[in-house]
Structure formats: structure tokens, C-alpha cells
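A short write-up of the structure that comes next.
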Amino acid sequence: FGVPASLGYRDDACGEFCEFNPEEAKELWDEAGGLPELTLSVVTGTGRDAYSEAIINMWEENLGATVTLNFLPSENTHAALLGQETQNPVSLGRASDYPSPYSVLGSSFLTGAPSNYAFYSSAEYDGLIADALAAPSIDEGTALFDEAKDVLIADMPVIPLWTSGTNYLSSERLADSFEIDPYNKSPFSTYAVD
């Protein structure tokens with residue numbers, strides 16, 4: 001529930017919850033009653049089709065379910081998710097806009113937040129986020145964000161899959177040296193080639 005470029009990022013924060021264990025997943029699936037058929041929704045035009053197909057193949061192979069892919073029109077995704085029109089897992093991505101963990105933790109998981117598509121609500125989590133924002137120092141705030149992440153991981157309202165970077169191609173002919181911005185806000189228009 002964070003990106004490597006964010007303050008307080010912990011690569012192993014998810015622990016055993018994010019370990020690939022198909023045998024245990026199948027046991028838990030069967031104990032819960034399973035589903036013979038399952039649908040995974042993906043937003044059209046976002047390039048998520050390939051890895052969504054991989055998820056489908058994995059679920060079918062390891063859980064024994066028949067999974068179909070459903071496409072959501074990109075222009076209607078936000079309203080459809082908030083209106084609960086989609087009653088199945090949805091493959092989404094979430095970018096971090098700035099280095100604070102709040103970039104993802106606030107807008108995606110606070111009670112009533114604008115991109116809280118899982119409708120997650122936890123008084124403990126909300127309180128930790130409020131305390132982190134009010135902390136007198138960055139270090140104290142980061143520690144409180146970490147506690148909030150631990151609550152989130154224990155509740156697991158969404159399934160985190162991975163983080164990805166952005167590829168850049170630069171040239172020695174640039175008039176000024178190019179500095180990579182991990183939040184994809186590099187001022188490309190200000191660079192000139194000699």
C-alpha cells in the first residue's frame with residue numbers, strides 16, 4: 001500500500017499476506033464455499049488487459065473457477081464503482097502523486113474518500129491517518145502512516161499486486177542534464193537538444 005519512492009516505504013510490509021501460496025489459497029477458497037464462475041472487470045483502454053488475463057489464468061489454474069473478463073468503459077468507471085454497479089473484482093491502478101504516503105492512503109482508503117472504491121471504513125485507520133497528518137515532524141508522521149498501513153494490511157480491503165516504474169530514454173545531446181522525477185512530473189518541455 002505504497003510506492004518505493006514514498007516516505008516510509010517497506011518492501012516487506014505485506015508479509016505472509018502477499019506470499020504466493022496456491023495450495024493454501026485453494027484450501028481457503030474451498031472452505032469459503034468458492035464460486036464456480038467468477039468475473040474480473042478491467043477498464044478499457046488502460047493496457048491492463050494482459051496482466052488481467054494472467055490473473056484469470058492463475059485463478060482458473062489454482063482455484064478451479066471459470067473466470068471471464070468484463071470490460072468497463074473508461075468514461076464511466078468512477079461513477080460505476082462508486083455507484084456499486086460492478087459487483088465483482090476490478091483490476092485498477094493507483095498512481096502516487098507526491099512522496100507522502102497520504103497520496104495513496106488518503107484518497108483510496110479513508111472513510112468516504114473520493115477513490116475508496118472498496119468502501120473501506122475503519123475508525124482506527126482514519127484516526128491514525130489524522131494523527132499522521134497532525135504529527136509535529138515528518139518522522140513521527142511517517143511512523144503513524146506505517147501503523148495505518150499495518151491496519152490496512154490486516155484488513156486487506158483490496159489485493160495489492162505490484163508497483164511499477166516509468167521508463168525514460170535520455171540523450172547525451174541534451175543541453176541540460178535530465179533529472180528523473182519518480183512521480184512522472186519531469187518538465188520535459190524545458191529540455192533542449194544541442
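Residues in the C-alpha cells are named by chain (A, B, ... in the order shown) and by number from 1 within that chain; ligands are numbered from 1 in the order shown.
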
With only C-alpha atoms as the counted atoms, please give the residues lying no more than 10 Å from region 86-89 of chain A, apart from itself and same-chain residues fewer than 2 positions off, as a CSV table (one decimal) with N, CA, C and O atoms, in the first residue's frame.
chain,number,residue,atom,x,y,z
A,38,LEU,N,-16.6,-16.8,-12.0
A,38,LEU,CA,-16.1,-15.5,-11.4
A,38,LEU,C,-15.8,-14.6,-12.6
A,38,LEU,O,-15.4,-15.0,-13.7
A,39,THR,N,-16.1,-13.3,-12.4
A,39,THR,CA,-15.8,-12.3,-13.4
A,39,THR,C,-14.8,-11.3,-12.8
A,39,THR,O,-14.8,-10.9,-11.7
A,40,LEU,N,-13.8,-10.9,-13.7
A,40,LEU,CA,-12.8,-9.9,-13.4
A,40,LEU,C,-13.1,-8.7,-14.3
A,40,LEU,O,-13.1,-8.9,-15.5
A,41,SER,N,-13.3,-7.5,-13.8
A,41,SER,CA,-13.6,-6.4,-14.7
A,41,SER,C,-12.3,-5.6,-14.9
A,41,SER,O,-11.5,-5.5,-13.9
A,42,VAL,N,-12.1,-5.1,-16.0
A,42,VAL,CA,-10.9,-4.2,-16.4
A,42,VAL,C,-11.4,-3.0,-17.1
A,42,VAL,O,-12.4,-3.1,-17.9
A,70,ASN,N,-14.5,-8.9,-18.0
A,70,ASN,CA,-15.6,-7.9,-18.4
A,70,ASN,C,-14.9,-6.6,-18.5
A,70,ASN,O,-14.0,-6.2,-17.7
A,72,LEU,N,-15.0,-2.5,-18.6
A,72,LEU,CA,-15.8,-1.3,-18.2
A,72,LEU,C,-15.4,-0.1,-19.0
A,72,LEU,O,-14.2,0.1,-19.2
A,77,THR,N,-16.1,4.6,-15.4
A,77,THR,CA,-15.5,3.7,-14.4
A,77,THR,C,-15.8,4.3,-13.0
A,77,THR,O,-16.3,3.6,-12.1
A,80,ALA,N,-19.4,4.2,-12.0
A,80,ALA,CA,-19.9,2.8,-11.9
A,80,ALA,C,-19.4,2.2,-10.6
A,80,ALA,O,-20.1,1.4,-9.9
A,81,LEU,N,-18.1,2.4,-10.2
A,81,LEU,CA,-17.6,1.9,-9.0
A,81,LEU,C,-18.2,2.5,-7.7
A,81,LEU,O,-18.6,1.8,-6.8
A,82,LEU,N,-18.3,3.8,-7.7
A,82,LEU,CA,-18.9,4.4,-6.6
A,82,LEU,C,-20.4,4.1,-6.4
A,82,LEU,O,-21.0,4.1,-5.3
A,83,GLY,N,-21.1,3.9,-7.6
A,83,GLY,CA,-22.5,3.5,-7.6
A,83,GLY,C,-22.7,2.0,-7.3
A,83,GLY,O,-23.9,1.6,-7.4
A,84,GLN,N,-21.6,1.3,-7.1
A,84,GLN,CA,-21.7,-0.1,-6.9
A,84,GLN,C,-22.4,-0.9,-8.0
A,84,GLN,O,-23.1,-1.9,-7.8
A,91,SER,N,-9.9,-4.7,-11.8
A,91,SER,CA,-8.4,-4.5,-12.0
A,91,SER,C,-8.2,-3.0,-12.1
A,91,SER,O,-8.5,-2.4,-13.2
A,92,LEU,N,-7.6,-2.4,-11.1
A,92,LEU,CA,-7.3,-1.0,-11.2
A,92,LEU,C,-5.9,-0.7,-10.9
A,92,LEU,O,-5.1,-1.5,-10.3
A,118,ALA,N,-13.4,0.4,-2.6
A,118,ALA,CA,-13.7,-0.8,-1.8
A,118,ALA,C,-14.6,-0.5,-0.7
A,118,ALA,O,-15.1,-1.4,0.1
A,158,VAL,N,-8.4,-4.5,-0.4
A,158,VAL,CA,-8.0,-4.7,-1.8
A,158,VAL,C,-6.8,-5.6,-1.9
A,158,VAL,O,-6.2,-5.9,-0.9
A,159,ILE,N,-6.6,-6.2,-3.1
A,159,ILE,CA,-5.4,-7.1,-3.3
A,159,ILE,C,-4.3,-6.3,-3.9
A,159,ILE,O,-4.4,-6.0,-5.1

**Q.** Option closest in space to Asp139 (chain A), from A:Gly127, A:Trp59, A:Ala25, A:Ser100 [counting only C-alpha atoms]
**A.**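 Comparing A:Gly127, A:Trp59, A:Ala25, A:Ser100 against Asp139 (chain A), the winner is A:Ser100.
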
Q | Per-residue DSSP, region 53-121 of chain A, filtered to alpha helix (DSSP H), as a list in words | A |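 Here are the alpha helix (DSSP H) residues of region 53-121 of chain A: Glu53, Ala54, Ile55, Ile56, Asn57, Met58, Trp59, Glu60, Glu61, Asn62, Leu63, Thr77, His78, Ala79, Ala80, Leu81, Leu82, Tyr102, Ser103, Val104, Leu105, Gly106, Ser107, Ser108 and Phe109 of chain A.
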
Any chance you can output those residues with N, CA and C atoms as a short mmCIF file (atom, residue, chain, number, x, y, z; two decimals), in the first residue's frame?
data_model
loop_
_atom_site.label_atom_id
_atom_site.label_comp_id
_atom_site.auth_asym_id
_atom_site.auth_seq_id
_atom_site.Cartn_x
_atom_site.Cartn_y
_atom_site.Cartn_z
N GLU A 53 -5.50 -10.89 -17.91
CA GLU A 53 -5.58 -12.25 -18.47
C GLU A 53 -4.71 -13.21 -17.65
N ALA A 54 -3.53 -12.72 -17.23
CA ALA A 54 -2.65 -13.56 -16.42
C ALA A 54 -3.29 -13.89 -15.07
N ILE A 55 -3.98 -12.91 -14.49
CA ILE A 55 -4.69 -13.15 -13.22
C ILE A 55 -5.78 -14.19 -13.42
N ILE A 56 -6.53 -14.04 -14.51
CA ILE A 56 -7.60 -15.00 -14.81
C ILE A 56 -7.03 -16.41 -14.93
N ASN A 57 -5.94 -16.56 -15.69
CA ASN A 57 -5.33 -17.88 -15.87
C ASN A 57 -4.88 -18.47 -14.53
N MET A 58 -4.31 -17.62 -13.67
CA MET A 58 -3.85 -18.09 -12.37
C MET A 58 -5.03 -18.55 -11.51
N TRP A 59 -6.11 -17.76 -11.48
CA TRP A 59 -7.29 -18.14 -10.69
C TRP A 59 -7.90 -19.45 -11.20
N GLU A 60 -7.98 -19.58 -12.52
CA GLU A 60 -8.56 -20.80 -13.08
C GLU A 60 -7.69 -22.01 -12.75
N GLU A 61 -6.38 -21.85 -12.91
CA GLU A 61 -5.46 -22.97 -12.66
C GLU A 61 -5.41 -23.36 -11.19
N ASN A 62 -5.37 -22.39 -10.31
CA ASN A 62 -5.15 -22.68 -8.89
C ASN A 62 -6.43 -22.82 -8.07
N LEU A 63 -7.50 -22.18 -8.49
CA LEU A 63 -8.74 -22.24 -7.71
C LEU A 63 -9.79 -23.14 -8.35
N THR A 77 -16.10 4.58 -15.42
CA THR A 77 -15.53 3.75 -14.35
C THR A 77 -15.78 4.32 -12.96
N HIS A 78 -15.43 5.58 -12.75
CA HIS A 78 -15.55 6.19 -11.43
C HIS A 78 -17.00 6.12 -10.92
N ALA A 79 -17.93 6.54 -11.74
CA ALA A 79 -19.34 6.53 -11.34
C ALA A 79 -19.85 5.11 -11.12
N ALA A 80 -19.43 4.17 -11.98
CA ALA A 80 -19.89 2.79 -11.85
C ALA A 80 -19.38 2.16 -10.56
N LEU A 81 -18.13 2.44 -10.21
CA LEU A 81 -17.58 1.86 -8.99
C LEU A 81 -18.21 2.47 -7.75
N LEU A 82 -18.33 3.79 -7.73
CA LEU A 82 -18.93 4.43 -6.56
C LEU A 82 -20.42 4.12 -6.45
N TYR A 102 0.38 9.61 2.24
CA TYR A 102 -1.01 10.07 2.20
C TYR A 102 -1.55 10.11 0.78
N SER A 103 -0.69 10.25 -0.19
CA SER A 103 -1.13 10.31 -1.59
C SER A 103 -2.00 9.11 -1.96
N VAL A 104 -1.61 7.93 -1.49
CA VAL A 104 -2.38 6.72 -1.75
C VAL A 104 -3.31 6.40 -0.59
N LEU A 105 -2.80 6.50 0.62
CA LEU A 105 -3.57 6.08 1.79
C LEU A 105 -4.81 6.95 2.02
N GLY A 106 -4.70 8.24 1.74
CA GLY A 106 -5.81 9.15 1.99
C GLY A 106 -6.95 9.01 1.00
N SER A 107 -6.63 9.14 -0.28
CA SER A 107 -7.70 9.17 -1.29
C SER A 107 -8.31 7.80 -1.58
N SER A 108 -7.59 6.73 -1.23
CA SER A 108 -8.09 5.40 -1.58
C SER A 108 -8.73 4.63 -0.43
N PHE A 109 -8.41 5.00 0.83
CA PHE A 109 -8.87 4.14 1.92
C PHE A 109 -9.52 4.85 3.10
#

Near-Cys18 (chain A) list (9 Å; only C-alpha atoms; drop same-chain fewer than 4 positions) as a compact mmCIF listing (two decimals) with N, CA, C and O atoms, in the first residue's frame:
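Writing done, so here's selection37.txt:
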# COMPACT_ATOMS: atom_id res chain seq x y z
N ASP A 12 8.73 -5.27 2.56
CA ASP A 12 8.17 -6.50 3.10
C ASP A 12 6.95 -6.26 3.98
O ASP A 12 6.56 -7.12 4.75
N CYS A 14 3.81 -6.26 3.58
CA CYS A 14 2.65 -7.14 3.40
C CYS A 14 2.88 -8.53 4.00
O CYS A 14 1.93 -9.25 4.30
N ILE A 159 -6.57 -6.16 -3.07
CA ILE A 159 -5.43 -7.06 -3.25
C ILE A 159 -4.31 -6.29 -3.95
O ILE A 159 -4.41 -6.00 -5.14
N PRO A 160 -3.26 -5.93 -3.22
CA PRO A 160 -2.15 -5.23 -3.88
C PRO A 160 -1.35 -6.23 -4.72
O PRO A 160 -1.08 -7.34 -4.26
N LEU A 161 -1.02 -5.85 -5.95
CA LEU A 161 -0.31 -6.77 -6.82
C LEU A 161 1.17 -6.41 -6.97
O LEU A 161 2.04 -7.23 -6.76

Q: Rounded to one decimal place, report the CA of Val151 (chain A)-CA of Ala13 (chain A) distance in Å.
A: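 So the two atoms, CA of Val151 (chain A) and CA of Ala13 (chain A), lie 11.1 Å apart.
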
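Closest to Arg10 (chain A) among A:Gly47, A:Gly141, A:Gly112, A:Pro101 is A:Pro101, based on only C-alpha atoms.
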
Q) What is the distance between CA of Thr44 (chain A) and CA of Thr66 (chain A), in Å to one decimal? A)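 According to the coordinates, CA of Thr44 (chain A) and CA of Thr66 (chain A) are separated by 21.4 Å.
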
Q. What's the 12 Å shell around Ala143 (chain A), counting only C-alpha atoms, without same-chain residues fewer than 3 positions away, as a count of residues only?
A. 22

Q: Please provide as a VMD selection string all residues within 7 Å of Thr111 (chain A), with the sequence filter that same-chain residues fewer than 5 positions apart are discarded (counting only C-alpha atoms).
A: chain A and resid 120 to 122 126

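Going from CA of Thr46 (chain A) over to CA of Glu75 (chain A), you cover 11.5 Å.
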
(Q) Among region 47-139 of chain A, which ones does DSSP assign to strand (DSSP E or B) (computed from the backbone)? Answer as a PyMOL selection string. (A) chain A and resi 66-72+90-91
